[in-house]
Amino acid sequence: MGRYITRRLIQAIPVLLGATLLIYAVVFALPGDPIEALAGDKRIDPHIVDVLRERYHLNDPFLVQYWHYLTGLFRGDFGVTFAGVPVGEVMAGKFQVTVNLAMTALVIEAVIGIGLGLYAALRHGRAQDTLILASTLVLISIPTLVTGFVLQLLLGVRLKQAGLDLFPVAGVTGDLRGYLLPGFVLAGTSIAYLARLTRASLAETLRADYVRTAIAKGLPRRRVVGRHALRNALIPLVTYLGADLGTLMGGAVITETIFNLPGMGQQLFTSVYLREQPVVVGTVTFLVLVYILANLVVDLLYAVLDPRIRYG
Amino acid sequence: MWRSTTPAARGGAGPHDGPLLAVDDLHVEFVTRQGVVKAVNGVSYWLNPGETLAVLGESGSGKSVTAQAIMGILDTPPARVSGGRIRFRGTDLLKLREDARSQIRGRRIAMIFQDALSALNPVFTVGAQIGEMFRVHLGDSRREAHRKAIELMDRVRIPGARQRVHDYPHQFSGGMRQRVMIAMAIALDPEVLIADEPTTALDVTVQAQIMELLAELRRESDMGLILITHDLGVVADVADRIAVMYGGRIVENALVHDVYRAPAHPYTKGLLESIPRVDRKGRQLSAIEGTPPNPLDMPPGCAFTPRCSYRQDNCVADVPPLHRIGPTRGSACHYWREVLDGSHG
Amino acid sequence: MGDSPAPATGHARHARRPSRFRSSGSSRGSGRRGRAQEIRPASLWSDAWQDLRGRPLFVGAAFIIIVFLAMSAFPRLFTSVNPFDAATCQLSDARQGVSGLHWFGTDNLGCDVYARVVYGARNSVVIGVTTTVATALFGGLLGLVAGFTGGAVDTLFSRITEIFFAIPSVLGALLILSVFRTGNVWTVVLALAVLAWPMTFRIARAAVITAKSQDYVLAAVGLGASAPRIMFRHILPNAVAPVIVVATINLGTFVAAEAGLSFLGVGLNSPDISWGLMIADARRRFLEAPGPLLFPALFLSLTVLAFIMLGDAVRDALDPKLR
């Protein structure tokens, strides 16, 4: 098990290096000069510009700049903004918002997606099953952009007009309630995929030989389905959920924009506009890290859930 | 306590002067898009306590479907029992409610399957899977079930049971896995054990060991064993009687040594001539010509007609009944006398 | 005679294996099974076509797609209003409701929403189709090479795709598009294709590796068939089907991604017309006048739905290749 973890960690290194290099290269190619962007419309002393350029290694060749960044990163230092604030500090608050949003979405996704999928699988071929299949197909097709605005209108505004202020429409409120609606919107497509995956997975295990054995052992149906079939059906679902955490965090920008949540997407957006290269690279790098870690956790969970991998 | 397993309580299913298990005129069909497939057409056989009955047939002959009907584990739908009775100690299982039936299933009638790797749950240890029988049926504690699982693994002679009880199915060899399967099936000392091609997936040397184990377990108790196989070779040493199935029907029904001496059905005869035998050295081996019937498109009359060297015109028209040709023997061939005479020659 | 009949029989045999994973409905054509009894030399594709024609999901999806294709090629067939002509917009008509004159009402600038939605189809279709073709060709070809050659080449390509998978797609596209001062159809295609090709790569590679170990391919190798012959005659046909299925489903995703990026302001820009832009423009007054946002949203969703349904149906028809 220890060897397995080490191997997975070593495999993650080239991915992290490659991804940061790519991002750094793209950011390097962004048009406009960050120092000028910093100055805005004001005229700025050429001497100060030179000092600043030197301090931020802006005169170095691309690979040297990247090297500076990378070495900083391994010390846990995401760099400093041109205004002198550590990038880590700038990002921290925004990360909290996005993490809250993504985790809310993940929980909603898991509960509704797996629930619907299990229900459909147990009603296989009947009207409820067909209805769930059809509605998940529709849900997959509606882009976040559309679900976001429609639900904002229906649940946020219209419900409020009807005197039910259940879901705050925009911005961060003190509690997690403000994340419910955006979380659902962000989870939308994933809910549908997960429901379909759950249904297929359970339907598959219900047909397995070991389920027939469990019935032949005289076990009650509850135990046959809830233990023998479900335990096996869960394995691909865990993989999907884990991989989806990265997707949710990376895809949150549209939801954040619709609901006016000051998360990482918004942060990235502003930073690209202001040419705050360290923040841009830092934000995306952080998401790459999240993706890599989520996949690592999935691999470990997989090994926990499936002894064939653990002892394979 | 109603869960008691004393012999007196176990006999409580009803008065039973007859056999332990009797399948009587069983019909099973599968409803598919192409129409209704009749997989089992009026099969009857019986099993006495302490007896081994071999059910012999090609794949698609209905032998496994019959067994699944006895266990009550047919996939319904598409499968459907459309007629007949399955009497276990006099009680018709088909008339029992599901909860009553699950009291019998696994506990008094148990089954082992062909491919133990897929028949065992990959994510639970073998100890948990064997122990589950005690936990669910007897309400034993985890510790008690664990202890009994080790005992059972010893009994089916899995070396190092105390350690291996914590292993998962994929960590066992094919033969050991089948032993785990057997341990699970005999956990509650069932009165009937159905073994559905228990050795087909195994190496020849291991096959013999598993058959020996089954025979031994059968000898140790009063358990009746139904051995489903397509391999006439494994039957001779183990079985007391044989029921040969073809096209969803019993075509011959006899004591093993009777069949080996002189088959009374052309299909059985063909099967015997296709396996090497010590007592018939120097003879040419021959295969049965043609292919098994398509269950979607059964030939009219006797299903074996297209492949039969004894066929006459009436074979296509009339389905031959199972002629009673001896105290424990039947043949579903119009010309069983000719077959029998030919066999003696 | 050599090995030429091998793939055909391989297809025919596989094509009849019932599906284990059925992702949608139970509309599998029963007629096809009935015919399965007779032995005829059908190719996978003609077999699949027979199957597809009987699926209501496929027919519905194809109908919607044909309508959208026509709309993007000949918008004038659908509306006489030219939304690029500023004179057709009257500020005094802003945010009108649905009427006989303005089927979908008017937007903030008084422009006819229906005409704009119709003209917006073109960009969506062009971006969707071009990106799909680009990723299918590039990713598919690399996947074919990687899967076929194996070894170091395969390892290198696979590591590279892992890097791309690690980059969040929306943010990655946002970054790439920021490099260009103004976005247009081709920058959007570039950004989407750069991030999406690894998916096709993976599918093609997996299909090739599976095909490589099939008995009939091994037989062809044993008979001494040349490497190009094995690749194009035996392996390529097997890798094409899954790539096409995934590409079809992704087409809808690309259309949605364009809308998202244009909404965020890094995709298309005015005076281009795009559903994403329309949604972005309408959002400020969305709560009082939802029409200008909902109609493009509806068309967007329908397009995505149609391509997903099409991909689903094609997958089911070509099922043997996928699980």
# chains A, B, ... in the order shown; residues from 1 in each chain; ligands from 1

call {"tool": "interface_residues", "arguments": {"of": "chain B", "to": "chain A", "cutoff": "9 Å", "atoms": "only C-alpha atoms", "output": "MDAnalysis selection string"}}
result
chainID B and resid 68 71:73 99 101:107 109:113 115:124 132:133 136:137 168:171 184:185

call {"tool": "write_last_selection", "arguments": {"atoms": "N, CA and C atoms", "output": "CSV table (one decimal), in the first residue's frame"}}
result
chain,number,residue,atom,x,y,z
B,68,GLN,N,-32.2,-24.2,-11.3
B,68,GLN,CA,-32.5,-22.9,-10.9
B,68,GLN,C,-33.9,-22.8,-10.4
B,71,MET,N,-34.1,-24.2,-7.0
B,71,MET,CA,-33.6,-23.2,-6.0
B,71,MET,C,-34.5,-22.0,-5.9
B,72,GLY,N,-35.3,-21.7,-6.9
B,72,GLY,CA,-36.1,-20.5,-7.0
B,72,GLY,C,-35.2,-19.3,-7.3
B,73,ILE,N,-34.2,-19.4,-8.1
B,73,ILE,CA,-33.3,-18.3,-8.5
B,73,ILE,C,-33.4,-18.0,-10.0
B,99,ASP,N,-41.1,-15.7,1.4
B,99,ASP,CA,-40.4,-15.8,2.7
B,99,ASP,C,-40.2,-17.2,3.2
B,101,ARG,N,-40.0,-19.7,1.2
B,101,ARG,CA,-39.0,-20.3,0.3
B,101,ARG,C,-37.6,-19.9,0.7
B,102,SER,N,-37.4,-18.7,1.1
B,102,SER,CA,-36.0,-18.3,1.4
B,102,SER,C,-35.5,-18.9,2.7
B,103,GLN,N,-36.5,-19.5,3.5
B,103,GLN,CA,-36.1,-20.3,4.6
B,103,GLN,C,-35.5,-21.6,4.2
B,104,ILE,N,-35.9,-22.1,3.0
B,104,ILE,CA,-35.4,-23.4,2.5
B,104,ILE,C,-34.1,-23.2,1.7
B,105,ARG,N,-34.1,-22.1,0.9
B,105,ARG,CA,-33.0,-21.8,0.0
B,105,ARG,C,-31.7,-21.5,0.8
B,106,GLY,N,-30.7,-22.3,0.4
B,106,GLY,CA,-29.4,-22.0,1.0
B,106,GLY,C,-29.2,-22.8,2.3
B,107,ARG,N,-30.4,-23.0,3.0
B,107,ARG,CA,-30.3,-23.7,4.3
B,107,ARG,C,-30.6,-25.2,4.2
B,109,ILE,N,-31.8,-26.5,0.9
B,109,ILE,CA,-31.3,-26.9,-0.4
B,109,ILE,C,-30.3,-25.9,-0.8
B,110,ALA,N,-29.1,-26.3,-1.1
B,110,ALA,CA,-28.0,-25.4,-1.4
B,110,ALA,C,-27.5,-25.7,-2.8
B,111,MET,N,-26.7,-24.7,-3.3
B,111,MET,CA,-26.2,-24.9,-4.7
B,111,MET,C,-24.8,-24.4,-4.8
B,112,ILE,N,-24.0,-25.1,-5.6
B,112,ILE,CA,-22.7,-24.5,-6.0
B,112,ILE,C,-22.7,-24.4,-7.5
B,113,PHE,N,-21.9,-23.4,-7.9
B,113,PHE,CA,-21.9,-23.0,-9.3
B,113,PHE,C,-20.6,-23.3,-10.1
B,115,ASP,N,-18.5,-21.4,-12.1
B,115,ASP,CA,-17.3,-20.5,-12.1
B,115,ASP,C,-17.2,-19.9,-10.8
B,116,ALA,N,-16.4,-20.4,-9.9
B,116,ALA,CA,-16.4,-19.9,-8.5
B,116,ALA,C,-15.8,-18.5,-8.4
B,117,LEU,N,-15.0,-18.1,-9.4
B,117,LEU,CA,-14.4,-16.8,-9.4
B,117,LEU,C,-15.5,-15.7,-9.5
B,118,SER,N,-16.4,-15.9,-10.4
B,118,SER,CA,-17.4,-14.9,-10.6
B,118,SER,C,-18.6,-15.2,-9.7
B,119,ALA,N,-18.7,-16.4,-9.1
B,119,ALA,CA,-19.8,-16.7,-8.2
B,119,ALA,C,-19.5,-16.2,-6.8
B,120,LEU,N,-18.3,-15.9,-6.5
B,120,LEU,CA,-18.0,-15.4,-5.2
B,120,LEU,C,-17.8,-13.9,-5.3
B,121,ASN,N,-18.3,-13.1,-4.3
B,121,ASN,CA,-18.2,-11.7,-4.3
B,121,ASN,C,-16.8,-11.2,-4.1
B,122,PRO,N,-16.3,-10.4,-5.1
B,122,PRO,CA,-14.9,-10.1,-5.1
B,122,PRO,C,-14.4,-9.2,-4.0
B,123,VAL,N,-15.4,-8.5,-3.3
B,123,VAL,CA,-15.0,-7.4,-2.4
B,123,VAL,C,-15.1,-7.9,-0.9
B,124,PHE,N,-15.6,-9.1,-0.7
B,124,PHE,CA,-15.6,-9.6,0.7
B,124,PHE,C,-14.7,-10.8,0.9
B,132,GLU,N,-21.4,-15.5,6.6
B,132,GLU,CA,-22.6,-14.9,6.4
B,132,GLU,C,-23.8,-15.9,6.5
B,133,MET,N,-23.5,-17.1,6.1
B,133,MET,CA,-24.6,-18.2,6.2
B,133,MET,C,-25.0,-18.3,7.7
B,136,VAL,N,-26.7,-14.8,9.0
B,136,VAL,CA,-28.0,-14.5,8.5
B,136,VAL,C,-29.0,-15.5,8.9
B,137,HIS,N,-28.7,-16.8,8.7
B,137,HIS,CA,-29.6,-17.9,9.0
B,137,HIS,C,-29.8,-18.2,10.4
B,168,TYR,N,-9.2,-12.8,0.0
B,168,TYR,CA,-10.3,-12.6,-1.0
B,168,TYR,C,-10.3,-13.6,-2.0
B,169,PRO,N,-11.4,-13.8,-2.7
B,169,PRO,CA,-11.5,-14.9,-3.7
B,169,PRO,C,-10.4,-14.9,-4.7
B,170,HIS,N,-10.0,-13.7,-5.2
B,170,HIS,CA,-9.1,-13.7,-6.3
B,170,HIS,C,-7.7,-14.2,-5.9
B,171,GLN,N,-7.5,-14.4,-4.5
B,171,GLN,CA,-6.2,-14.8,-4.0
B,171,GLN,C,-6.1,-16.3,-4.0
B,184,MET,N,-19.3,-23.0,1.6
B,184,MET,CA,-20.5,-22.1,1.8
B,184,MET,C,-21.8,-22.8,1.7
B,185,ALA,N,-21.8,-23.7,0.7
B,185,ALA,CA,-23.0,-24.4,0.4
B,185,ALA,C,-23.4,-25.4,1.5

call {"tool": "interface_residues", "arguments": {"of": "chain B", "to": "chain C", "cutoff": "12 Å", "atoms": "only C-alpha atoms", "output": "PDB file with C-alpha atoms, in the first residue's frame"}}
result
ATOM      1  CA  THR B  32     -38.054 -13.010 -25.279  1.00  0.00           C
ATOM      2  CA  ARG B  33     -38.573 -10.560 -28.089  1.00  0.00           C
ATOM      3  CA  GLN B  34     -38.461 -13.405 -30.576  1.00  0.00           C
ATOM      4  CA  GLY B  35     -41.198 -15.269 -28.778  1.00  0.00           C
ATOM      5  CA  ASN B 294     -32.153 -24.277 -31.468  1.00  0.00           C
ATOM      6  CA  LEU B 296     -36.220 -20.923 -30.648  1.00  0.00           C
ATOM      7  CA  ASP B 297     -36.917 -23.419 -33.383  1.00  0.00           C
TER       8      ASP B 297
END

call {"tool": "atom_distance", "arguments": {"atom1": "CA of Lys269 (chain B)", "atom2": "CA of Asn41 (chain B)"}}
result
21.9 Å

call {"tool": "interface_residues", "arguments": {"of": "chain C", "to": "chain A", "cutoff": "9 Å", "atoms": "only C-alpha atoms", "output": "VMD selection string"}}
result
chain C and resid 20 to 26 159 to 160 162 to 172 174 to 176 178 to 181 252 to 253 256 to 257 259 to 261 263 to 264 276 279 283 286 to 287 290 293 to 294 297 to 298 300 to 309

call {"tool": "residues_around", "arguments": {"residues": "Thr291 (chain B)", "least_positions_apart": "5", "cutoff": "12 Å", "atoms": "only C-alpha atoms", "output": "CSV table (one decimal) with C-alpha atoms, in the first residue's frame"}}
result
chain,number,residue,atom,x,y,z
B,58,GLU,CA,-25.5,-30.4,-23.4
B,59,SER,CA,-25.7,-26.7,-22.8
B,60,GLY,CA,-29.2,-25.6,-23.6
B,246,TYR,CA,-32.1,-33.3,-24.4
B,247,GLY,CA,-34.0,-30.4,-25.8
B,303,ALA,CA,-36.1,-33.2,-30.7
B,304,PHE,CA,-33.3,-35.7,-31.3
B,305,THR,CA,-34.7,-36.9,-34.7
B,306,PRO,CA,-32.5,-34.9,-37.0
B,307,ARG,CA,-29.4,-36.4,-35.4
B,308,CYS,CA,-30.8,-39.9,-34.8

call {"tool": "residues_around", "arguments": {"residues": "Ala79 (chain B)", "least_positions_apart": "3", "cutoff": "7 Å", "atoms": "only C-alpha atoms", "output": "PyMOL selection string"}}
result
chain B and resi 28-31+74-76

call {"tool": "atom_distance", "arguments": {"atom1": "CA of Asp167 (chain B)", "atom2": "CA of Gln114 (chain B)"}}
result
20.7 Å

call {"tool": "atom_distance", "arguments": {"atom1": "CA of Leu52 (chain C)", "atom2": "CA of Phe68 (chain C)"}}
result
20.3 Å

call {"tool": "residues_around", "arguments": {"residues": "Val217 (chain C)", "least_positions_apart": "4", "cutoff": "8 Å", "atoms": "only C-alpha atoms", "output": "ChimeraX atom specification"}}
result
/C:211-213,221,230,234-235

call {"tool": "residues_around", "arguments": {"residues": "Val238 (chain B)", "least_positions_apart": "4", "cutoff": "8 Å", "atoms": "only C-alpha atoms", "output": "list in words"}}
result
Thr52, Met211, Ala215 and Val234 of chain B

call {"tool": "select_by_dssp", "arguments": {"residues": "region 52-225 of chain B", "states": "helix (DSSP H, G or I)", "output": "mmCIF file with C-alpha atoms, in the first residue's frame"}}
result
data_model
loop_
_atom_site.group_PDB
_atom_site.id
_atom_site.type_symbol
_atom_site.label_atom_id
_atom_site.label_comp_id
_atom_site.auth_asym_id
_atom_site.auth_seq_id
_atom_site.Cartn_x
_atom_site.Cartn_y
_atom_site.Cartn_z
ATOM 1 C CA LYS B 63 -30.512 -29.024 -16.968
ATOM 2 C CA SER B 64 -29.350 -25.812 -15.288
ATOM 3 C CA VAL B 65 -32.715 -24.103 -15.717
ATOM 4 C CA THR B 66 -34.367 -26.999 -13.910
ATOM 5 C CA ALA B 67 -31.874 -26.629 -11.069
ATOM 6 C CA GLN B 68 -32.480 -22.879 -10.857
ATOM 7 C CA ALA B 69 -36.222 -23.546 -10.715
ATOM 8 C CA ILE B 70 -35.642 -25.865 -7.745
ATOM 9 C CA MET B 71 -33.588 -23.179 -6.012
ATOM 10 C CA LEU B 93 -41.971 -25.394 -3.367
ATOM 11 C CA LEU B 94 -43.685 -23.588 -6.218
ATOM 12 C CA LYS B 95 -46.710 -22.964 -4.016
ATOM 13 C CA GLU B 98 -41.192 -16.072 -1.012
ATOM 14 C CA ASP B 99 -40.403 -15.773 2.703
ATOM 15 C CA ALA B 100 -41.080 -19.460 3.300
ATOM 16 C CA ARG B 101 -39.002 -20.291 0.301
ATOM 17 C CA SER B 102 -36.012 -18.280 1.414
ATOM 18 C CA GLN B 103 -36.097 -20.313 4.636
ATOM 19 C CA ILE B 104 -35.367 -23.391 2.530
ATOM 20 C CA ALA B 116 -16.390 -19.919 -8.508
ATOM 21 C CA LEU B 117 -14.395 -16.786 -9.351
ATOM 22 C CA SER B 118 -17.426 -14.931 -10.616
ATOM 23 C CA ALA B 119 -19.815 -16.655 -8.215
ATOM 24 C CA VAL B 126 -14.078 -15.723 1.927
ATOM 25 C CA GLY B 127 -14.459 -15.880 5.695
ATOM 26 C CA ALA B 128 -17.136 -13.193 5.595
ATOM 27 C CA GLN B 129 -18.930 -14.932 2.752
ATOM 28 C CA ILE B 130 -18.948 -18.328 4.436
ATOM 29 C CA GLY B 131 -19.727 -16.830 7.849
ATOM 30 C CA GLU B 132 -22.642 -14.896 6.361
ATOM 31 C CA MET B 133 -24.585 -18.169 6.236
ATOM 32 C CA PHE B 134 -24.388 -18.474 10.023
ATOM 33 C CA ARG B 135 -24.934 -14.797 10.676
ATOM 34 C CA VAL B 136 -28.017 -14.466 8.521
ATOM 35 C CA HIS B 137 -29.639 -17.872 8.967
ATOM 36 C CA ARG B 142 -19.396 -12.261 14.126
ATOM 37 C CA ARG B 143 -16.871 -14.178 16.234
ATOM 38 C CA GLU B 144 -18.925 -17.376 16.185
ATOM 39 C CA ALA B 145 -19.433 -17.155 12.421
ATOM 40 C CA HIS B 146 -15.723 -16.611 11.953
ATOM 41 C CA ARG B 147 -14.873 -19.693 13.987
ATOM 42 C CA LYS B 148 -17.352 -21.826 12.074
ATOM 43 C CA ALA B 149 -16.034 -20.521 8.749
ATOM 44 C CA ILE B 150 -12.543 -21.731 9.652
ATOM 45 C CA GLU B 151 -13.973 -25.110 10.663
ATOM 46 C CA LEU B 152 -15.747 -25.417 7.343
ATOM 47 C CA MET B 153 -12.651 -24.458 5.379
ATOM 48 C CA ASP B 154 -10.804 -27.179 7.248
ATOM 49 C CA ARG B 155 -13.561 -29.599 6.426
ATOM 50 C CA ALA B 161 -7.688 -22.122 6.855
ATOM 51 C CA ARG B 162 -6.957 -19.962 9.888
ATOM 52 C CA GLN B 163 -4.956 -17.506 7.759
ATOM 53 C CA ARG B 164 -6.775 -17.906 4.483
ATOM 54 C CA PRO B 169 -11.549 -14.920 -3.669
ATOM 55 C CA HIS B 170 -9.078 -13.718 -6.298
ATOM 56 C CA GLN B 171 -6.203 -14.803 -4.041
ATOM 57 C CA GLY B 174 -9.422 -22.298 -9.086
ATOM 58 C CA GLY B 175 -9.702 -25.523 -7.119
ATOM 59 C CA MET B 176 -9.463 -23.781 -3.740
ATOM 60 C CA ARG B 177 -12.109 -21.276 -4.795
ATOM 61 C CA GLN B 178 -14.467 -24.102 -5.653
ATOM 62 C CA ARG B 179 -13.768 -25.545 -2.193
ATOM 63 C CA VAL B 180 -14.769 -22.189 -0.689
ATOM 64 C CA MET B 181 -17.968 -22.346 -2.721
ATOM 65 C CA ILE B 182 -18.621 -25.861 -1.434
ATOM 66 C CA ALA B 183 -17.899 -24.831 2.156
ATOM 67 C CA MET B 184 -20.460 -22.058 1.826
ATOM 68 C CA ALA B 185 -23.048 -24.436 0.396
ATOM 69 C CA VAL B 204 -8.453 -32.175 -15.030
ATOM 70 C CA THR B 205 -6.387 -33.133 -11.977
ATOM 71 C CA VAL B 206 -8.254 -30.659 -9.793
ATOM 72 C CA GLN B 207 -11.582 -31.899 -11.196
ATOM 73 C CA ALA B 208 -10.978 -35.330 -9.723
ATOM 74 C CA GLN B 209 -10.152 -33.855 -6.301
ATOM 75 C CA ILE B 210 -13.323 -31.771 -6.229
ATOM 76 C CA MET B 211 -15.454 -34.728 -7.294
ATOM 77 C CA GLU B 212 -13.830 -36.818 -4.587
ATOM 78 C CA LEU B 213 -14.583 -34.098 -2.010
ATOM 79 C CA LEU B 214 -18.230 -33.935 -3.076
ATOM 80 C CA ALA B 215 -18.565 -37.715 -2.914
ATOM 81 C CA GLU B 216 -17.004 -37.739 0.524
ATOM 82 C CA LEU B 217 -19.240 -34.994 1.888
ATOM 83 C CA ARG B 218 -22.226 -36.866 0.524
ATOM 84 C CA ARG B 219 -21.127 -40.059 2.264
ATOM 85 C CA GLU B 220 -20.683 -38.261 5.600
#
